[in-house]
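Written below as C-alpha cells is the structure these notes are about.
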Amino acid sequence: MNKVVGTAAQALAGVRDGDSFAVGGFGLSGIPTVLIDALLATGATRLGVVSNNCGTDGGGLGKLLTAGRIAQVTASYIGDNKEFARQYLAGEIEVELTPQGSLAERLRAGGCGIPAFYTPAGVGTPIADGGLPLRHHADGSVAAASLAREVREFDGLPYVLERAITTDFALVRAARGDRHGNLAFRKSARNFNPLAAMAGRITIAEVEELTELDPDEVHLPGVFVQRVLPLSAEQAAAKGVEKRTTSAGTTDGTGRA
C-alpha cells in the first residue's frame, strides 16, 4: 500500500475546526515543522493539542499559539514559552498538565487500545487529589480545576488511574520512512514521535528520506501511519535550535576550543 502524498496540503486533507492533534517532538527536537506550518495554513481553529510542551515562542506549535488557533493543550510542562504561559494565565486556553512519563504512557496506551492504567506518578499531588488549574479567569483566578482521580492500592502501595489518549490526527517527523508508512527515527528526535504516532486516528509523518527500510531498522510499523510526506533536502535540513550555547577561548593550549 502506497501512503505517500505529494504535498503538505494533501497530507492535512480533512482537518476541521475543533480537531485534536498529537504532535511529536521535544522542544524543537524532532518536531514536524512542515506539517505544523501546513496546519497553520489550513486556517483551522479551536484545536486541541497533545504534546510534551507546545513549541517555543515563534517556533513549532508556538506559531499556532501566537495565531490563536489552539483552545486546549495537554502537556507535561510550559517551559520557556512565554506566550504559552501568558495565554494560560489569561484564561485564553485550557491546559492539562500531566507528568511526562504519564503523558508518554497515555499516548502509547491509546495506540494499543488500553483505555486506562494505574501509575504511582502523581499520587499525593493535585494530579491525583484534584484542584490543578485547567483554565483561569482573565483576572488570574481559577475558572476550572481538575477533578480527583481514582486511587487504588496494589501490594500495599497507592496508584492513580490515568486515562489513555487518542486524537483525531497525529503529526510526527522521522529521519527515514518507506511508502508503507514504516518509520525510523534518529537519536533524540525519536522522543515522543513514535508515541504520538500511535495515538492518532489519522497519523501523518513527514520524512527526511523516503527509502526502503529493512524490517530490523523499523522503529514504528506502518500500521500506525496513514500518510507519508517526503521532505525536500531544504526542508529536511531546516531544524531549529532551542538554546544555542557557545564557549570562547581554548582549554588545552592547542587552539582547540
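Residue names in the C-alpha cells use chain letters A, B, ... in the order shown, residue numbers from 1 in each chain, and ligand numbers from 1 in the order shown.
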
Would you write out, as JSON lines, a table of all residues in range 103-158 of chain A that have an atom no more than 9 Å from an atom of range 190-211 of chain A, listing for each the closest atom pair and the distance in Å to one decimal, considering only C-alpha atoms and ordering rows by chain and rising residue number?
{"residue": "A:Ala104", "atom": "CA", "partner": "A:Leu195", "partner_atom": "CA", "distance": 6.5}
{"residue": "A:Glu105", "atom": "CA", "partner": "A:Leu195", "partner_atom": "CA", "distance": 8.0}
{"residue": "A:Arg106", "atom": "CA", "partner": "A:Ala199", "partner_atom": "CA", "distance": 8.6}
{"residue": "A:Leu107", "atom": "CA", "partner": "A:Ala199", "partner_atom": "CA", "distance": 5.3}
{"residue": "A:Arg108", "atom": "CA", "partner": "A:Leu195", "partner_atom": "CA", "distance": 5.2}
{"residue": "A:Ala109", "atom": "CA", "partner": "A:Ala199", "partner_atom": "CA", "distance": 7.9}
{"residue": "A:Gly110", "atom": "CA", "partner": "A:Ala199", "partner_atom": "CA", "distance": 5.3}
{"residue": "A:Gly111", "atom": "CA", "partner": "A:Met198", "partner_atom": "CA", "distance": 4.4}
{"residue": "A:Cys112", "atom": "CA", "partner": "A:Met198", "partner_atom": "CA", "distance": 7.6}

Could you dump the residues just selected with N, CA, C and O atoms as a compact mmCIF listing (two decimals), in the first residue's frame?
# COMPACT_ATOMS: atom_id res chain seq x y z
N ALA A 104 3.58 10.11 28.17
CA ALA A 104 4.10 9.14 27.21
C ALA A 104 3.28 7.85 27.24
O ALA A 104 2.91 7.31 26.18
N GLU A 105 2.98 7.37 28.43
CA GLU A 105 2.23 6.12 28.53
C GLU A 105 0.78 6.29 28.12
O GLU A 105 0.17 5.37 27.57
N ARG A 106 0.20 7.45 28.36
CA ARG A 106 -1.18 7.70 27.94
C ARG A 106 -1.29 7.65 26.41
O ARG A 106 -2.27 7.12 25.86
N LEU A 107 -0.30 8.18 25.71
CA LEU A 107 -0.28 8.11 24.25
C LEU A 107 -0.10 6.67 23.78
O LEU A 107 -0.79 6.20 22.87
N ARG A 108 0.86 5.98 24.38
CA ARG A 108 1.11 4.58 23.99
C ARG A 108 -0.11 3.71 24.25
O ARG A 108 -0.49 2.88 23.41
N ALA A 109 -0.73 3.91 25.42
CA ALA A 109 -1.92 3.12 25.75
C ALA A 109 -3.03 3.37 24.75
O ALA A 109 -3.74 2.45 24.33
N GLY A 110 -3.21 4.63 24.37
CA GLY A 110 -4.23 4.94 23.37
C GLY A 110 -4.01 4.20 22.08
O GLY A 110 -4.96 3.69 21.46
N GLY A 111 -2.75 4.11 21.65
CA GLY A 111 -2.44 3.40 20.42
C GLY A 111 -2.60 1.90 20.52
O GLY A 111 -2.83 1.22 19.53
N CYS A 112 -2.51 1.37 21.74
CA CYS A 112 -2.62 -0.07 21.96
C CYS A 112 -4.03 -0.51 22.33
O CYS A 112 -4.27 -1.70 22.58

Considering only alpha helix (DSSP H) as DSSP defines it on the backbone, what residues of range 45-206 of chain A qualify? List them as a ChimeraX atom specification. /A:62-66,82-89,100-112,126-129,193-199

Would you write out those residues with N, CA and C atoms, as an mmCIF file, in the first residue's frame?
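Saved the output as part27.cif:
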data_model
loop_
_atom_site.group_PDB
_atom_site.id
_atom_site.type_symbol
_atom_site.label_atom_id
_atom_site.label_comp_id
_atom_site.auth_asym_id
_atom_site.auth_seq_id
_atom_site.Cartn_x
_atom_site.Cartn_y
_atom_site.Cartn_z
ATOM 1 N N GLY A 62 4.368 26.828 18.748
ATOM 2 C CA GLY A 62 4.258 28.207 19.192
ATOM 3 C C GLY A 62 3.664 29.116 18.132
ATOM 4 N N LYS A 63 3.819 28.761 16.861
ATOM 5 C CA LYS A 63 3.216 29.544 15.777
ATOM 6 C C LYS A 63 1.691 29.470 15.843
ATOM 7 N N LEU A 64 1.170 28.289 16.136
ATOM 8 C CA LEU A 64 -0.276 28.126 16.259
ATOM 9 C C LEU A 64 -0.804 28.851 17.490
ATOM 10 N N LEU A 65 -0.038 28.829 18.574
ATOM 11 C CA LEU A 65 -0.423 29.558 19.764
ATOM 12 C C LEU A 65 -0.530 31.052 19.486
ATOM 13 N N THR A 66 0.506 31.604 18.855
ATOM 14 C CA THR A 66 0.536 33.033 18.564
ATOM 15 C C THR A 66 -0.629 33.445 17.682
ATOM 16 N N LYS A 82 6.870 31.872 26.617
ATOM 17 C CA LYS A 82 6.193 32.963 27.332
ATOM 18 C C LYS A 82 4.763 33.157 26.841
ATOM 19 N N GLU A 83 4.517 32.968 25.550
ATOM 20 C CA GLU A 83 3.171 33.145 25.019
ATOM 21 C C GLU A 83 2.243 32.046 25.531
ATOM 22 N N PHE A 84 2.769 30.834 25.638
ATOM 23 C CA PHE A 84 2.005 29.727 26.210
ATOM 24 C C PHE A 84 1.599 30.073 27.648
ATOM 25 N N ALA A 85 2.556 30.525 28.447
ATOM 26 C CA ALA A 85 2.267 30.883 29.833
ATOM 27 C C ALA A 85 1.272 32.041 29.907
ATOM 28 N N ARG A 86 1.443 33.029 29.040
ATOM 29 C CA ARG A 86 0.545 34.183 29.074
ATOM 30 C C ARG A 86 -0.887 33.779 28.770
ATOM 31 N N GLN A 87 -1.087 32.976 27.719
ATOM 32 C CA GLN A 87 -2.440 32.558 27.348
ATOM 33 C C GLN A 87 -3.075 31.699 28.443
ATOM 34 N N TYR A 88 -2.274 30.850 29.069
ATOM 35 C CA TYR A 88 -2.790 30.003 30.148
ATOM 36 C C TYR A 88 -3.246 30.853 31.333
ATOM 37 N N LEU A 89 -2.400 31.766 31.764
ATOM 38 C CA LEU A 89 -2.720 32.584 32.939
ATOM 39 C C LEU A 89 -3.813 33.608 32.643
ATOM 40 N N GLN A 100 5.455 13.796 32.769
ATOM 41 C CA GLN A 100 5.984 13.459 31.451
ATOM 42 C C GLN A 100 5.889 11.969 31.140
ATOM 43 N N GLY A 101 6.240 11.141 32.096
ATOM 44 C CA GLY A 101 6.138 9.705 31.867
ATOM 45 C C GLY A 101 4.707 9.242 31.696
ATOM 46 N N SER A 102 3.795 9.860 32.455
ATOM 47 C CA SER A 102 2.382 9.514 32.317
ATOM 48 C C SER A 102 1.855 9.927 30.954
ATOM 49 N N LEU A 103 2.297 11.091 30.471
ATOM 50 C CA LEU A 103 1.882 11.538 29.152
ATOM 51 C C LEU A 103 2.335 10.546 28.084
ATOM 52 N N ALA A 104 3.580 10.108 28.169
ATOM 53 C CA ALA A 104 4.102 9.138 27.212
ATOM 54 C C ALA A 104 3.281 7.853 27.235
ATOM 55 N N GLU A 105 2.976 7.374 28.432
ATOM 56 C CA GLU A 105 2.231 6.117 28.534
ATOM 57 C C GLU A 105 0.779 6.291 28.119
ATOM 58 N N ARG A 106 0.197 7.451 28.355
ATOM 59 C CA ARG A 106 -1.185 7.696 27.936
ATOM 60 C C ARG A 106 -1.291 7.647 26.412
ATOM 61 N N LEU A 107 -0.300 8.177 25.714
ATOM 62 C CA LEU A 107 -0.282 8.114 24.255
ATOM 63 C C LEU A 107 -0.100 6.674 23.780
ATOM 64 N N ARG A 108 0.857 5.976 24.385
ATOM 65 C CA ARG A 108 1.111 4.583 23.993
ATOM 66 C C ARG A 108 -0.106 3.714 24.245
ATOM 67 N N ALA A 109 -0.733 3.911 25.417
ATOM 68 C CA ALA A 109 -1.919 3.123 25.747
ATOM 69 C C ALA A 109 -3.033 3.374 24.748
ATOM 70 N N GLY A 110 -3.207 4.632 24.365
ATOM 71 C CA GLY A 110 -4.232 4.945 23.373
ATOM 72 C C GLY A 110 -4.011 4.201 22.079
ATOM 73 N N GLY A 111 -2.751 4.113 21.646
ATOM 74 C CA GLY A 111 -2.435 3.398 20.418
ATOM 75 C C GLY A 111 -2.605 1.903 20.524
ATOM 76 N N CYS A 112 -2.508 1.372 21.744
ATOM 77 C CA CYS A 112 -2.619 -0.073 21.963
ATOM 78 C C CYS A 112 -4.030 -0.511 22.329
ATOM 79 N N PRO A 126 -1.806 17.271 43.418
ATOM 80 C CA PRO A 126 -3.062 17.652 42.758
ATOM 81 C C PRO A 126 -3.377 16.825 41.513
ATOM 82 N N ILE A 127 -2.396 16.118 40.953
ATOM 83 C CA ILE A 127 -2.686 15.219 39.835
ATOM 84 C C ILE A 127 -3.719 14.185 40.269
ATOM 85 N N ALA A 128 -3.532 13.620 41.457
ATOM 86 C CA ALA A 128 -4.458 12.609 41.975
ATOM 87 C C ALA A 128 -5.590 13.230 42.783
ATOM 88 N N ASP A 129 -5.276 14.256 43.567
ATOM 89 C CA ASP A 129 -6.252 14.809 44.509
ATOM 90 C C ASP A 129 -7.195 15.823 43.872
ATOM 91 N N ASN A 193 7.867 11.066 19.234
ATOM 92 C CA ASN A 193 7.307 10.820 17.910
ATOM 93 C C ASN A 193 6.613 9.471 17.766
ATOM 94 N N PRO A 194 7.229 8.344 18.147
ATOM 95 C CA PRO A 194 6.512 7.063 17.999
ATOM 96 C C PRO A 194 5.236 7.003 18.826
ATOM 97 N N LEU A 195 5.267 7.590 20.014
ATOM 98 C CA LEU A 195 4.106 7.548 20.903
ATOM 99 C C LEU A 195 2.962 8.391 20.363
ATOM 100 N N ALA A 196 3.287 9.597 19.881
ATOM 101 C CA ALA A 196 2.257 10.446 19.282
ATOM 102 C C ALA A 196 1.655 9.765 18.062
ATOM 103 N N ALA A 197 2.507 9.124 17.260
ATOM 104 C CA ALA A 197 2.022 8.457 16.051
ATOM 105 C C ALA A 197 1.029 7.359 16.385
ATOM 106 N N MET A 198 1.246 6.670 17.487
ATOM 107 C CA MET A 198 0.357 5.575 17.868
ATOM 108 C C MET A 198 -1.021 6.080 18.277
ATOM 109 N N ALA A 199 -1.090 7.305 18.803
ATOM 110 C CA ALA A 199 -2.339 7.803 19.378
ATOM 111 C C ALA A 199 -3.289 8.399 18.350
#

Write down as an mmCIF file with N, CA and C atoms, in the first residue's frame the residues of range 151-254 of chain A whose backbone DSSP state falls under strand (DSSP E or B).
data_model
loop_
_atom_site.group_PDB
_atom_site.id
_atom_site.type_symbol
_atom_site.label_atom_id
_atom_site.label_comp_id
_atom_site.auth_asym_id
_atom_site.auth_seq_id
_atom_site.Cartn_x
_atom_site.Cartn_y
_atom_site.Cartn_z
ATOM 1 N N VAL A 151 -7.805 6.364 43.075
ATOM 2 C CA VAL A 151 -6.541 5.847 43.589
ATOM 3 C C VAL A 151 -6.807 4.484 44.218
ATOM 4 N N ARG A 152 -6.003 3.488 43.833
ATOM 5 C CA ARG A 152 -6.154 2.141 44.387
ATOM 6 C C ARG A 152 -4.812 1.641 44.892
ATOM 7 N N GLU A 153 -4.881 0.692 45.805
ATOM 8 C CA GLU A 153 -3.664 0.093 46.329
ATOM 9 C C GLU A 153 -3.383 -1.235 45.638
ATOM 10 N N PHE A 154 -2.127 -1.429 45.296
ATOM 11 C CA PHE A 154 -1.646 -2.705 44.772
ATOM 12 C C PHE A 154 -0.400 -3.076 45.560
ATOM 13 N N LEU A 157 0.755 -0.392 47.985
ATOM 14 C CA LEU A 157 1.194 0.918 47.508
ATOM 15 C C LEU A 157 0.076 1.577 46.704
ATOM 16 N N PRO A 158 -0.067 2.916 46.807
ATOM 17 C CA PRO A 158 -1.137 3.612 46.083
ATOM 18 C C PRO A 158 -0.752 3.913 44.645
ATOM 19 N N TYR A 159 -1.731 3.836 43.764
ATOM 20 C CA TYR A 159 -1.543 4.148 42.346
ATOM 21 C C TYR A 159 -2.746 4.956 41.865
ATOM 22 N N VAL A 160 -2.494 5.913 40.980
ATOM 23 C CA VAL A 160 -3.562 6.760 40.456
ATOM 24 C C VAL A 160 -3.943 6.290 39.053
ATOM 25 N N LEU A 161 -5.226 6.366 38.743
ATOM 26 C CA LEU A 161 -5.728 5.938 37.434
ATOM 27 C C LEU A 161 -5.524 7.048 36.408
ATOM 28 N N GLU A 162 -4.898 6.726 35.295
ATOM 29 C CA GLU A 162 -4.700 7.656 34.187
ATOM 30 C C GLU A 162 -5.431 7.133 32.958
ATOM 31 N N ARG A 163 -6.162 8.019 32.280
ATOM 32 C CA ARG A 163 -6.876 7.645 31.061
ATOM 33 C C ARG A 163 -5.947 7.728 29.848
ATOM 34 N N THR A 167 -6.327 10.845 19.555
ATOM 35 C CA THR A 167 -6.600 12.133 18.925
ATOM 36 C C THR A 167 -7.098 11.913 17.493
ATOM 37 N N ASP A 168 -7.683 12.954 16.925
ATOM 38 C CA ASP A 168 -8.156 12.857 15.547
ATOM 39 C C ASP A 168 -6.988 12.666 14.580
ATOM 40 N N PHE A 169 -5.912 13.417 14.810
ATOM 41 C CA PHE A 169 -4.734 13.353 13.948
ATOM 42 C C PHE A 169 -3.480 13.267 14.812
ATOM 43 N N ALA A 170 -2.404 12.763 14.210
ATOM 44 C CA ALA A 170 -1.075 12.839 14.814
ATOM 45 C C ALA A 170 -0.112 13.352 13.751
ATOM 46 N N LEU A 171 0.775 14.244 14.157
ATOM 47 C CA LEU A 171 1.792 14.807 13.266
ATOM 48 C C LEU A 171 3.159 14.457 13.837
ATOM 49 N N VAL A 172 3.984 13.778 13.028
ATOM 50 C CA VAL A 172 5.294 13.350 13.512
ATOM 51 C C VAL A 172 6.340 13.568 12.427
ATOM 52 N N ARG A 173 7.602 13.491 12.845
ATOM 53 C CA ARG A 173 8.718 13.614 11.907
ATOM 54 C C ARG A 173 9.661 12.439 12.112
ATOM 55 N N ALA A 174 10.112 11.850 11.006
ATOM 56 C CA ALA A 174 11.032 10.717 11.054
ATOM 57 C C ALA A 174 12.232 10.989 10.154
ATOM 58 N N ALA A 175 13.350 10.399 10.506
ATOM 59 C CA ALA A 175 14.546 10.541 9.670
ATOM 60 C C ALA A 175 14.374 9.797 8.349
ATOM 61 N N ARG A 176 13.782 8.609 8.429
ATOM 62 C CA ARG A 176 13.564 7.806 7.229
ATOM 63 C C ARG A 176 12.205 7.131 7.299
ATOM 64 N N GLY A 177 11.617 6.925 6.150
ATOM 65 C CA GLY A 177 10.346 6.232 6.087
ATOM 66 C C GLY A 177 10.180 5.604 4.716
ATOM 67 N N LEU A 183 8.562 3.682 9.844
ATOM 68 C CA LEU A 183 9.390 4.840 10.156
ATOM 69 C C LEU A 183 10.606 4.462 10.994
ATOM 70 N N ALA A 184 11.674 5.226 10.799
ATOM 71 C CA ALA A 184 12.876 5.114 11.629
ATOM 72 C C ALA A 184 13.279 6.524 12.054
ATOM 73 N N GLY A 200 -2.812 8.737 17.163
ATOM 74 C CA GLY A 200 -3.651 9.402 16.176
ATOM 75 C C GLY A 200 -4.525 8.428 15.388
ATOM 76 N N ARG A 201 -5.765 8.821 15.154
ATOM 77 C CA ARG A 201 -6.624 8.009 14.281
ATOM 78 C C ARG A 201 -6.140 8.126 12.830
ATOM 79 N N ILE A 202 -5.686 9.322 12.453
ATOM 80 C CA ILE A 202 -5.012 9.534 11.166
ATOM 81 C C ILE A 202 -3.639 10.105 11.483
ATOM 82 N N THR A 203 -2.605 9.322 11.249
ATOM 83 C CA THR A 203 -1.245 9.747 11.560
ATOM 84 C C THR A 203 -0.513 10.128 10.279
ATOM 85 N N ILE A 204 0.071 11.323 10.311
ATOM 86 C CA ILE A 204 0.781 11.867 9.154
ATOM 87 C C ILE A 204 2.242 12.026 9.534
ATOM 88 N N ALA A 205 3.133 11.453 8.758
ATOM 89 C CA ALA A 205 4.564 11.513 9.041
ATOM 90 C C ALA A 205 5.287 12.269 7.935
ATOM 91 N N GLU A 206 6.039 13.298 8.312
ATOM 92 C CA GLU A 206 6.953 13.910 7.355
ATOM 93 C C GLU A 206 8.300 13.215 7.522
ATOM 94 N N VAL A 207 8.890 12.792 6.412
ATOM 95 C CA VAL A 207 10.126 12.012 6.479
ATOM 96 C C VAL A 207 11.236 12.723 5.726
ATOM 97 N N GLU A 208 12.401 12.763 6.340
ATOM 98 C CA GLU A 208 13.549 13.430 5.722
ATOM 99 C C GLU A 208 14.081 12.651 4.526
ATOM 100 N N GLU A 209 13.928 11.347 4.557
ATOM 101 C CA GLU A 209 14.380 10.499 3.440
ATOM 102 C C GLU A 209 13.358 9.397 3.194
ATOM 103 N N LEU A 210 12.813 9.364 1.997
ATOM 104 C CA LEU A 210 11.914 8.283 1.600
ATOM 105 C C LEU A 210 12.756 7.183 0.972
ATOM 106 N N LEU A 220 8.869 2.248 14.161
ATOM 107 C CA LEU A 220 7.413 2.304 14.256
ATOM 108 C C LEU A 220 6.826 1.659 13.010
ATOM 109 N N ARG A 227 -0.471 8.457 6.301
ATOM 110 C CA ARG A 227 0.020 9.329 5.230
ATOM 111 C C ARG A 227 1.500 9.633 5.457
ATOM 112 N N VAL A 228 2.261 9.633 4.370
ATOM 113 C CA VAL A 228 3.696 9.897 4.430
ATOM 114 C C VAL A 228 4.027 11.059 3.497
ATOM 115 N N LEU A 229 4.668 12.085 4.036
ATOM 116 C CA LEU A 229 5.040 13.258 3.258
ATOM 117 C C LEU A 229 6.561 13.331 3.146
ATOM 118 N N PRO A 230 7.137 13.054 1.963
ATOM 119 C CA PRO A 230 8.594 13.195 1.800
ATOM 120 C C PRO A 230 8.978 14.674 1.806
#

Using only C-alpha atoms, tabulate the residues of range 67-157 of chain A lying at most 10 Å from any atom of range 54-57 of chain A, each with its closest atom pair and that distance in Å to one decimal, by chain and increasing residue number, as a Markdown table.
| residue | atom | partner | partner_atom | distance |
| --- | --- | --- | --- | --- |
| A:Val73 | CA | A:Cys54 | CA | 7.9 |
| A:Thr74 | CA | A:Cys54 | CA | 9.0 |
| A:Ala75 | CA | A:Cys54 | CA | 7.3 |
| A:Ser76 | CA | A:Cys54 | CA | 9.4 |
| A:Tyr77 | CA | A:Cys54 | CA | 8.5 |
| A:Ile78 | CA | A:Cys54 | CA | 7.1 |
| A:Gly79 | CA | A:Thr56 | CA | 8.3 |
| A:Asp80 | CA | A:Thr56 | CA | 6.9 |
| A:Asn81 | CA | A:Thr56 | CA | 4.9 |
| A:Lys82 | CA | A:Asp57 | CA | 6.6 |
| A:Glu83 | CA | A:Asp57 | CA | 6.3 |
| A:Phe84 | CA | A:Cys54 | CA | 7.4 |

Dump C-alpha atoms for the selected residues as a PDB file, in the first residue's frame?
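Final file, part.pdb:
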ATOM      1  CA  VAL A  73      -3.329  21.697  25.428  1.00  0.00           C
ATOM      2  CA  THR A  74      -2.305  18.522  27.225  1.00  0.00           C
ATOM      3  CA  ALA A  75       1.399  18.767  28.035  1.00  0.00           C
ATOM      4  CA  SER A  76       3.983  17.919  30.662  1.00  0.00           C
ATOM      5  CA  TYR A  77       5.279  21.468  31.111  1.00  0.00           C
ATOM      6  CA  ILE A  78       5.046  25.003  29.775  1.00  0.00           C
ATOM      7  CA  GLY A  79       8.798  25.578  29.682  1.00  0.00           C
ATOM      8  CA  ASP A  80      10.226  28.847  28.373  1.00  0.00           C
ATOM      9  CA  ASN A  81       7.309  29.566  26.042  1.00  0.00           C
ATOM     10  CA  LYS A  82       6.193  32.963  27.332  1.00  0.00           C
ATOM     11  CA  GLU A  83       3.171  33.145  25.019  1.00  0.00           C
ATOM     12  CA  PHE A  84       2.005  29.727  26.210  1.00  0.00           C
TER      13      PHE A  84
END

What's around Ala71 in chain A at 8 Å? Count only C-alpha atoms, leave out sequence neighbours fewer than 3 positions away in its own chain, and write the answer as JSON, numbers by chain. {"A": [45, 46, 47, 48, 68, 92, 93, 94]}

Provide the CA of Glu96 in chain A to CA of Ile114 in chain A distance in Å, to one decimal place. 20.4 Å

So, with only C-alpha atoms as the atoms that count, which of A:Arg69, A:Arg149, A:Arg135, A:Lys239 lies closest to Thr33 in chain A?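 Nearest to Thr33 in chain A: A:Lys239.
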
Nearest to Val49 in chain A by atom-to-atom distance, counting only C-alpha atoms, from A:Leu12, A:Thr166, A:Leu28, A:Pro115: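 When distances to Val49 in chain A are compared using only C-alpha atoms, the smallest one comes from A:Thr166.
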
Using only C-alpha atoms for the distances, tell me which of A:Ala164, A:Ala121, A:Leu97, A:Leu231 is nearest to Ser146 in chain A. A:Leu97

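Restricting the calculation to only C-alpha atoms, the smallest distance between Ala143 in chain A and any of A:Gly131, A:Gly6, A:Gly240, A:Pro32 is found for A:Gly131.
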
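If you look at CA of Leu35 in chain A and CA of Lys187 in chain A, they are 20.7 Å away from each other.
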
Which is closer to Ala44 in chain A than all the others in A:Gly181, A:Gly140, A:Gly24, A:Gly14, using only C-alpha atoms?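 Among A:Gly181, A:Gly140, A:Gly24, A:Gly14, it is A:Gly14 that comes nearest to Ala44 in chain A.
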